[in-house]
>>> print(open('run_22.json').read())   # JSON, C-alpha atoms
[["chain", "number", "residue", "atom", "x", "y", "z"],
["A", 715, "MET", "CA", 240.88, -166.40, 27.19],
["A", 716, "LYS", "CA", 241.80, -167.89, 30.50],
["A", 717, "LYS", "CA", 240.07, -166.52, 33.56],
["A", 718, "ASN", "CA", 243.31, -165.40, 35.24],
["A", 719, "ILE", "CA", 244.33, -163.29, 32.23],
["A", 720, "ASN", "CA", 240.91, -161.61, 32.37],
["A", 721, "MET", "CA", 241.48, -160.86, 36.04],
["A", 722, "PHE", "CA", 244.89, -159.38, 35.19],
["A", 723, "PHE", "CA", 243.35, -157.06, 32.59],
["A", 724, "MET", "CA", 240.50, -156.10, 34.92],
["A", 725, "GLN", "CA", 243.09, -155.26, 37.59],
["A", 726, "GLU", "CA", 244.73, -152.95, 35.03],
["A", 727, "ALA", "CA", 241.35, -151.27, 34.47],
["A", 728, "LEU", "CA", 240.98, -150.87, 38.24],
["A", 729, "GLY", "CA", 244.38, -149.17, 38.27],
["A", 730, "GLN", "CA", 242.97, -146.62, 35.85],
["A", 731, "ALA", "CA", 239.90, -146.15, 38.05],
["A", 732, "LYS", "CA", 242.21, -145.41, 40.98],
["A", 733, "LYS", "CA", 243.88, -142.68, 38.93],
["A", 734, "ALA", "CA", 240.45, -141.15, 38.27],
["A", 735, "LEU", "CA", 239.70, -141.28, 41.99],
["A", 736, "LYS", "CA", 242.88, -139.32, 42.76],
["A", 737, "LYS", "CA", 241.85, -136.70, 40.19],
["A", 738, "LYS", "CA", 238.35, -136.42, 41.72],
["A", 739, "GLU", "CA", 236.71, -137.95, 38.64],
["A", 740, "VAL", "CA", 234.09, -140.70, 38.83],
["A", 741, "PRO", "CA", 236.44, -143.69, 39.20],
["A", 742, "VAL", "CA", 235.90, -145.69, 36.04],
["A", 743, "GLY", "CA", 238.81, -147.25, 34.21],
["A", 744, "ALA", "CA", 239.02, -149.00, 30.85],
["A", 745, "ILE", "CA", 241.63, -150.79, 28.81],
["A", 746, "VAL", "CA", 241.56, -152.12, 25.26],
["A", 747, "VAL", "CA", 243.45, -155.33, 24.57],
["A", 748, "GLY", "CA", 244.46, -156.52, 21.12],
["A", 749, "PRO", "CA", 243.97, -160.03, 19.71],
["A", 750, "ASP", "CA", 247.57, -160.80, 20.75],
["A", 751, "ASN", "CA", 246.64, -160.11, 24.42],
["A", 752, "LYS", "CA", 248.73, -156.94, 24.51],
["A", 753, "ILE", "CA", 247.28, -153.78, 26.02],
["A", 754, "LEU", "CA", 246.64, -151.24, 23.28],
["A", 755, "SER", "CA", 245.35, -148.43, 25.47],
["A", 756, "ARG", "CA", 244.43, -147.38, 28.98],
["A", 757, "ALA", "CA", 242.11, -144.60, 30.09],
["A", 758, "TYR", "CA", 240.08, -143.27, 32.99],
["A", 759, "ASN", "CA", 237.18, -140.86, 33.21],
["A", 760, "LYS", "CA", 238.09, -137.27, 32.39],
["A", 761, "ILE", "CA", 234.64, -135.74, 32.24],
["A", 762, "GLU", "CA", 235.40, -133.00, 34.75],
["A", 763, "LYS", "CA", 238.81, -132.24, 33.23],
["A", 764, "ASN", "CA", 237.46, -132.19, 29.66],
["A", 765, "GLY", "CA", 234.21, -130.47, 30.61],
["A", 766, "CYS", "CA", 232.31, -132.86, 28.36],
["A", 767, "GLN", "CA", 230.47, -136.18, 28.68],
["A", 768, "THR", "CA", 232.64, -137.68, 25.93],
["A", 769, "GLY", "CA", 235.35, -137.95, 28.58],
["A", 770, "HIS", "CA", 234.18, -141.46, 29.53],
["A", 771, "ALA", "CA", 236.98, -143.96, 30.10],
["A", 772, "GLU", "CA", 235.66, -146.28, 27.38],
["A", 773, "ILE", "CA", 235.58, -143.56, 24.75],
["A", 774, "LEU", "CA", 239.09, -142.37, 25.58],
["A", 775, "ALA", "CA", 240.47, -145.93, 25.58],
["A", 776, "ILE", "CA", 238.82, -146.71, 22.23],
["A", 777, "GLN", "CA", 240.12, -143.46, 20.70],
["A", 778, "LYS", "CA", 243.67, -144.28, 21.81],
["A", 779, "ALA", "CA", 243.44, -147.86, 20.49],
["A", 780, "CYS", "CA", 242.13, -146.64, 17.12],
["A", 781, "LYS", "CA", 244.96, -144.12, 16.89],
["A", 782, "LYS", "CA", 247.54, -146.78, 17.74],
["A", 783, "LEU", "CA", 246.14, -149.27, 15.19],
["A", 784, "LYS", "CA", 245.42, -146.50, 12.64],
["A", 785, "THR", "CA", 241.89, -147.82, 12.08],
["A", 786, "TRP", "CA", 238.45, -147.51, 13.64],
["A", 787, "ARG", "CA", 237.90, -151.25, 13.31],
["A", 788, "LEU", "CA", 238.88, -152.93, 16.56],
["A", 789, "ASP", "CA", 238.07, -156.44, 15.28],
["A", 790, "ASP", "CA", 239.06, -159.20, 17.69],
["A", 791, "CYS", "CA", 239.93, -156.69, 20.43],
["A", 792, "SER", "CA", 238.56, -156.76, 23.97],
["A", 793, "ILE", "CA", 237.62, -153.97, 26.33],
["A", 794, "TYR", "CA", 237.76, -154.20, 30.13],
["A", 795, "ILE", "CA", 235.77, -151.62, 32.10],
["A", 796, "THR", "CA", 235.25, -151.30, 35.82],
["A", 797, "LEU", "CA", 231.60, -150.24, 35.39],
["A", 798, "GLU", "CA", 228.87, -151.36, 33.00],
["A", 799, "PRO", "CA", 229.01, -149.00, 30.02],
["A", 800, "CYS", "CA", 226.31, -146.41, 29.47],
["A", 801, "ILE", "CA", 224.25, -146.54, 26.27],
["A", 802, "MET", "CA", 226.62, -144.09, 24.52],
["A", 803, "CYS", "CA", 229.70, -146.16, 25.31],
["A", 804, "PHE", "CA", 227.98, -149.46, 24.60],
["A", 805, "GLY", "CA", 227.02, -148.17, 21.15],
["A", 806, "LEU", "CA", 230.61, -147.10, 20.51],
["A", 807, "ILE", "CA", 231.88, -150.51, 21.62],
["A", 808, "GLN", "CA", 229.57, -152.20, 19.12],
["A", 809, "LEU", "CA", 230.30, -149.75, 16.31],
["A", 810, "SER", "CA", 234.04, -150.20, 16.88],
["A", 811, "ARG", "CA", 233.56, -153.94, 16.28],
["A", 812, "ILE", "CA", 235.09, -154.94, 19.59],
["A", 813, "LYS", "CA", 234.74, -158.68, 20.11],
["A", 814, "ASN", "CA", 234.71, -158.99, 23.91],
["A", 815, "LEU", "CA", 233.32, -156.72, 26.62],
["A", 816, "TYR", "CA", 234.27, -157.44, 30.23],
["A", 817, "PHE", "CA", 233.07, -155.25, 33.07],
["A", 818, "GLY", "CA", 233.03, -155.20, 36.85],
["A", 819, "ALA", "CA", 230.05, -153.51, 38.48],
["A", 820, "LYS", "CA", 226.56, -153.21, 37.06],
["A", 821, "SER", "CA", 225.10, -149.74, 36.88],
["A", 822, "GLN", "CA", 221.37, -149.75, 37.64],
["A", 823, "GLU", "CA", 221.01, -146.03, 37.07],
["A", 824, "PHE", "CA", 223.25, -145.31, 34.08],
["A", 825, "GLY", "CA", 224.09, -148.71, 32.59],
["A", 826, "SER", "CA", 223.02, -149.69, 29.11],
["A", 827, "GLY", "CA", 220.85, -152.61, 30.22],
["A", 828, "ILE", "CA", 223.21, -155.17, 28.76],
["A", 829, "SER", "CA", 221.13, -157.98, 30.24],
["A", 830, "ASP", "CA", 218.56, -157.35, 27.49],
["A", 831, "LEU", "CA", 220.63, -157.25, 24.33],
["A", 832, "LYS", "CA", 217.55, -157.37, 22.09],
["A", 833, "GLN", "CA", 217.16, -153.64, 22.59],
["A", 834, "HIS", "CA", 220.71, -153.07, 21.33],
["A", 835, "LYS", "CA", 220.57, -154.65, 17.88],
["A", 836, "LEU", "CA", 223.29, -153.30, 15.64],
["A", 837, "TYR", "CA", 225.38, -154.95, 12.97],
["A", 838, "LYS", "CA", 227.78, -156.33, 15.59],
["A", 839, "LYS", "CA", 226.03, -159.56, 16.54],
["A", 840, "ASP", "CA", 228.87, -161.56, 18.03],
["A", 841, "LEU", "CA", 229.81, -159.32, 20.95],
["A", 842, "ASN", "CA", 230.76, -161.53, 23.88],
["A", 843, "ILE", "CA", 229.83, -159.93, 27.23],
["A", 844, "VAL", "CA", 231.10, -161.02, 30.63],
["A", 845, "ALA", "CA", 229.89, -159.14, 33.71],
["A", 846, "GLY", "CA", 231.05, -159.22, 37.30],
["A", 847, "LEU", "CA", 234.84, -159.43, 36.95],
["A", 848, "LYS", "CA", 236.37, -157.91, 40.09],
["A", 849, "GLU", "CA", 232.89, -156.64, 40.89],
["A", 850, "ILE", "CA", 233.49, -156.10, 44.61],
["A", 851, "GLU", "CA", 236.62, -154.02, 43.96],
["A", 852, "SER", "CA", 234.81, -152.04, 41.26],
["A", 853, "VAL", "CA", 231.89, -151.30, 43.57],
["A", 854, "ASP", "CA", 234.16, -150.43, 46.49],
["A", 855, "ILE", "CA", 236.06, -147.75, 44.58],
["A", 856, "LEU", "CA", 232.79, -146.19, 43.42],
["A", 857, "LYS", "CA", 231.40, -146.23, 46.97],
["A", 858, "LYS", "CA", 234.56, -144.56, 48.23],
["A", 859, "PHE", "CA", 234.23, -141.79, 45.65],
["A", 860, "PHE", "CA", 230.55, -141.10, 46.30],
["A", 861, "THR", "CA", 230.97, -141.25, 50.09],
["A", 862, "GLU", "CA", 233.71, -138.62, 49.84],
["A", 863, "LEU", "CA", 231.62, -136.54, 47.44],
["A", 864, "ARG", "CA", 228.60, -136.57, 49.79],
["A", 865, "LYS", "CA", 230.87, -135.69, 52.72],
["A", 866, "LEU", "CA", 232.32, -132.75, 50.80],
["A", 867, "LYS", "CA", 228.88, -131.56, 49.70],
["A", 868, "LYS", "CA", 227.55, -131.88, 53.26],
["A", 869, "GLU", "CA", 230.43, -129.78, 54.56],
["A", 870, "LYS", "CA", 229.61, -127.13, 51.98],
["A", 871, "GLY", "CA", 225.85, -127.41, 52.61],
["A", 872, "LEU", "CA", 225.16, -128.48, 49.03],
["A", 873, "LEU", "CA", 223.30, -131.76, 49.62],
["A", 874, "CYS", "CA", 219.63, -132.03, 48.77],
["A", 875, "LYS", "CA", 217.23, -133.86, 51.12],
["A", 876, "LYS", "CA", 217.33, -137.08, 49.04],
["A", 877, "GLU", "CA", 221.14, -137.26, 49.23],
["A", 878, "LEU", "CA", 221.13, -136.71, 52.98],
["A", 879, "ARG", "CA", 219.07, -139.89, 53.48],
["A", 880, "HIS", "CA", 221.67, -142.16, 51.84]]
>>> encode(input="run_22.json", output="structure tokens")
Amino acid sequence: MKKNINMFFMQEALGQAKKALKKKEVPVGAIVVGPDNKILSRAYNKIEKNGCQTGHAEILAIQKACKKLKTWRLDDCSIYITLEPCIMCFGLIQLSRIKNLYFGAKSQEFGSGISDLKQHKLYKKDLNIVAGLKEIESVDILKKFFTELRKLKKEKGLLCKKELRH
């Protein structure tokens, strides 16, 4: 795929992250794109709304794409995510047979450690991974969310000592 089309799709994922931000969810957005370069699904984090960790943007986007295609096999599809997927989502991406994974910001704390794929051996060996698309924008929206969250917690006196230092 051409670089500019990847930037277009990542911008769409950022649009989903902005929706999450408005809903006071961790602002992560994801979209699944079919082999014909048409968007199959869009999603943003709904962990707080759903009251469950399976509310990750990637999971919701994959579920919608599977429903639309009427199959769990997302062969030759791509997923665009504003944040490096966690181990749960990365496993789902592989098990769903997605061909390309594009993401914006790396997640040191919760990411799946994509840089060392040897630890993630599954049957899906040809997963193409591209990191750093619209990374600055992806990081900025996360910083905005966590700055607001710390401000809110501070106002309510809910911050622990560690959080006050950051």
>>> atom_distance(input="run_22.json", atom1="atom CA of A:Val747", atom2="atom CA of A:Thr785")
14.7 Å
>>> atom_distance(input="run_22.json", atom1="atom CA of A:Lys813", atom2="atom CA of A:Leu754")
14.4 Å
>>> residues_around(input="run_22.json", residues="stretch 728-736 of chain A", least_positions_apart="4", cutoff="7 Å", atoms="all atoms listed in the file", output="VMD selection string")
chain A and resid 724 740 to 744 757 to 759 796 852 859
>>> closest_residue(input="run_22.json", among="A:Ile807, A:Leu815, A:Leu866, A:Ile776", to="A:Ser792", atoms="all atoms listed in the file")
A:Leu815
>>> atom_distance(input="run_22.json", atom1="atom CA of A:Lys738", atom2="atom CA of A:Asn814")
29.0 Å
>>> residues_near_point(input="run_22.json", point="(227.7, -157.2, 38.5)", cutoff="12 Å", atoms="only C-alpha atoms", output="tab-separated table (two decimals) with C-alpha atoms, keeping the file's coordinate frame")
chain	number	residue	atom	x	y	z
A	795	ILE	CA	235.77	-151.62	32.10
A	796	THR	CA	235.25	-151.30	35.82
A	797	LEU	CA	231.60	-150.24	35.39
A	798	GLU	CA	228.87	-151.36	33.00
A	799	PRO	CA	229.01	-149.00	30.02
A	816	TYR	CA	234.27	-157.44	30.23
A	817	PHE	CA	233.07	-155.25	33.07
A	818	GLY	CA	233.03	-155.20	36.85
A	819	ALA	CA	230.05	-153.51	38.48
A	820	LYS	CA	226.56	-153.21	37.06
A	821	SER	CA	225.10	-149.74	36.88
A	822	GLN	CA	221.37	-149.75	37.64
A	825	GLY	CA	224.09	-148.71	32.59
A	827	GLY	CA	220.85	-152.61	30.22
A	828	ILE	CA	223.21	-155.17	28.76
A	829	SER	CA	221.13	-157.98	30.24
A	843	ILE	CA	229.83	-159.93	27.23
A	844	VAL	CA	231.10	-161.02	30.63
A	845	ALA	CA	229.89	-159.14	33.71
A	846	GLY	CA	231.05	-159.22	37.30
A	847	LEU	CA	234.84	-159.43	36.95
A	848	LYS	CA	236.37	-157.91	40.09
A	849	GLU	CA	232.89	-156.64	40.89
A	850	ILE	CA	233.49	-156.10	44.61
A	851	GLU	CA	236.62	-154.02	43.96
A	852	SER	CA	234.81	-152.04	41.26
A	853	VAL	CA	231.89	-151.30	43.57
>>> closest_residue(input="run_22.json", among="A:Arg864, A:Arg787, A:Lys717, A:Arg756", to="A:Ala771", atoms="all atoms listed in the file")
A:Arg756
>>> closest_residue(input="run_22.json", among="A:Val746, A:Glu762, A:Lys752, A:Phe860", to="A:Ser810", atoms="all atoms listed in the file")
A:Val746
>>> closest_atom_pairs(input="run_22.json", of="stretch 753-781 of chain A", to="stretch 800-805 of chain A", cutoff="12 Å", atoms="all atoms listed in the file", output="CSV")
residue,atom,partner,partner_atom,distance
A:Gln767,CA,A:Met802,CA,9.7
A:Thr768,CA,A:Met802,CA,8.9
A:Gly769,CA,A:Cys803,CA,10.5
A:His770,CA,A:Cys803,CA,7.7
A:Ala771,CA,A:Cys803,CA,9.0
A:Glu772,CA,A:Cys803,CA,6.3
A:Ile773,CA,A:Cys803,CA,6.5
A:Leu774,CA,A:Cys803,CA,10.1
A:Ala775,CA,A:Cys803,CA,10.8
A:Ile776,CA,A:Cys803,CA,9.6
A:Gln777,CA,A:Cys803,CA,11.7
>>> closest_residue(input="run_22.json", among="A:Ile812, A:Asn718, A:Asp840, A:Lys870", to="A:Cys791", atoms="only C-alpha atoms")
A:Ile812
>>> closest_residue(input="run_22.json", among="A:Asp854, A:Glu862, A:Glu739, A:Asp750", to="A:Asp790", atoms="only C-alpha atoms")
A:Asp750
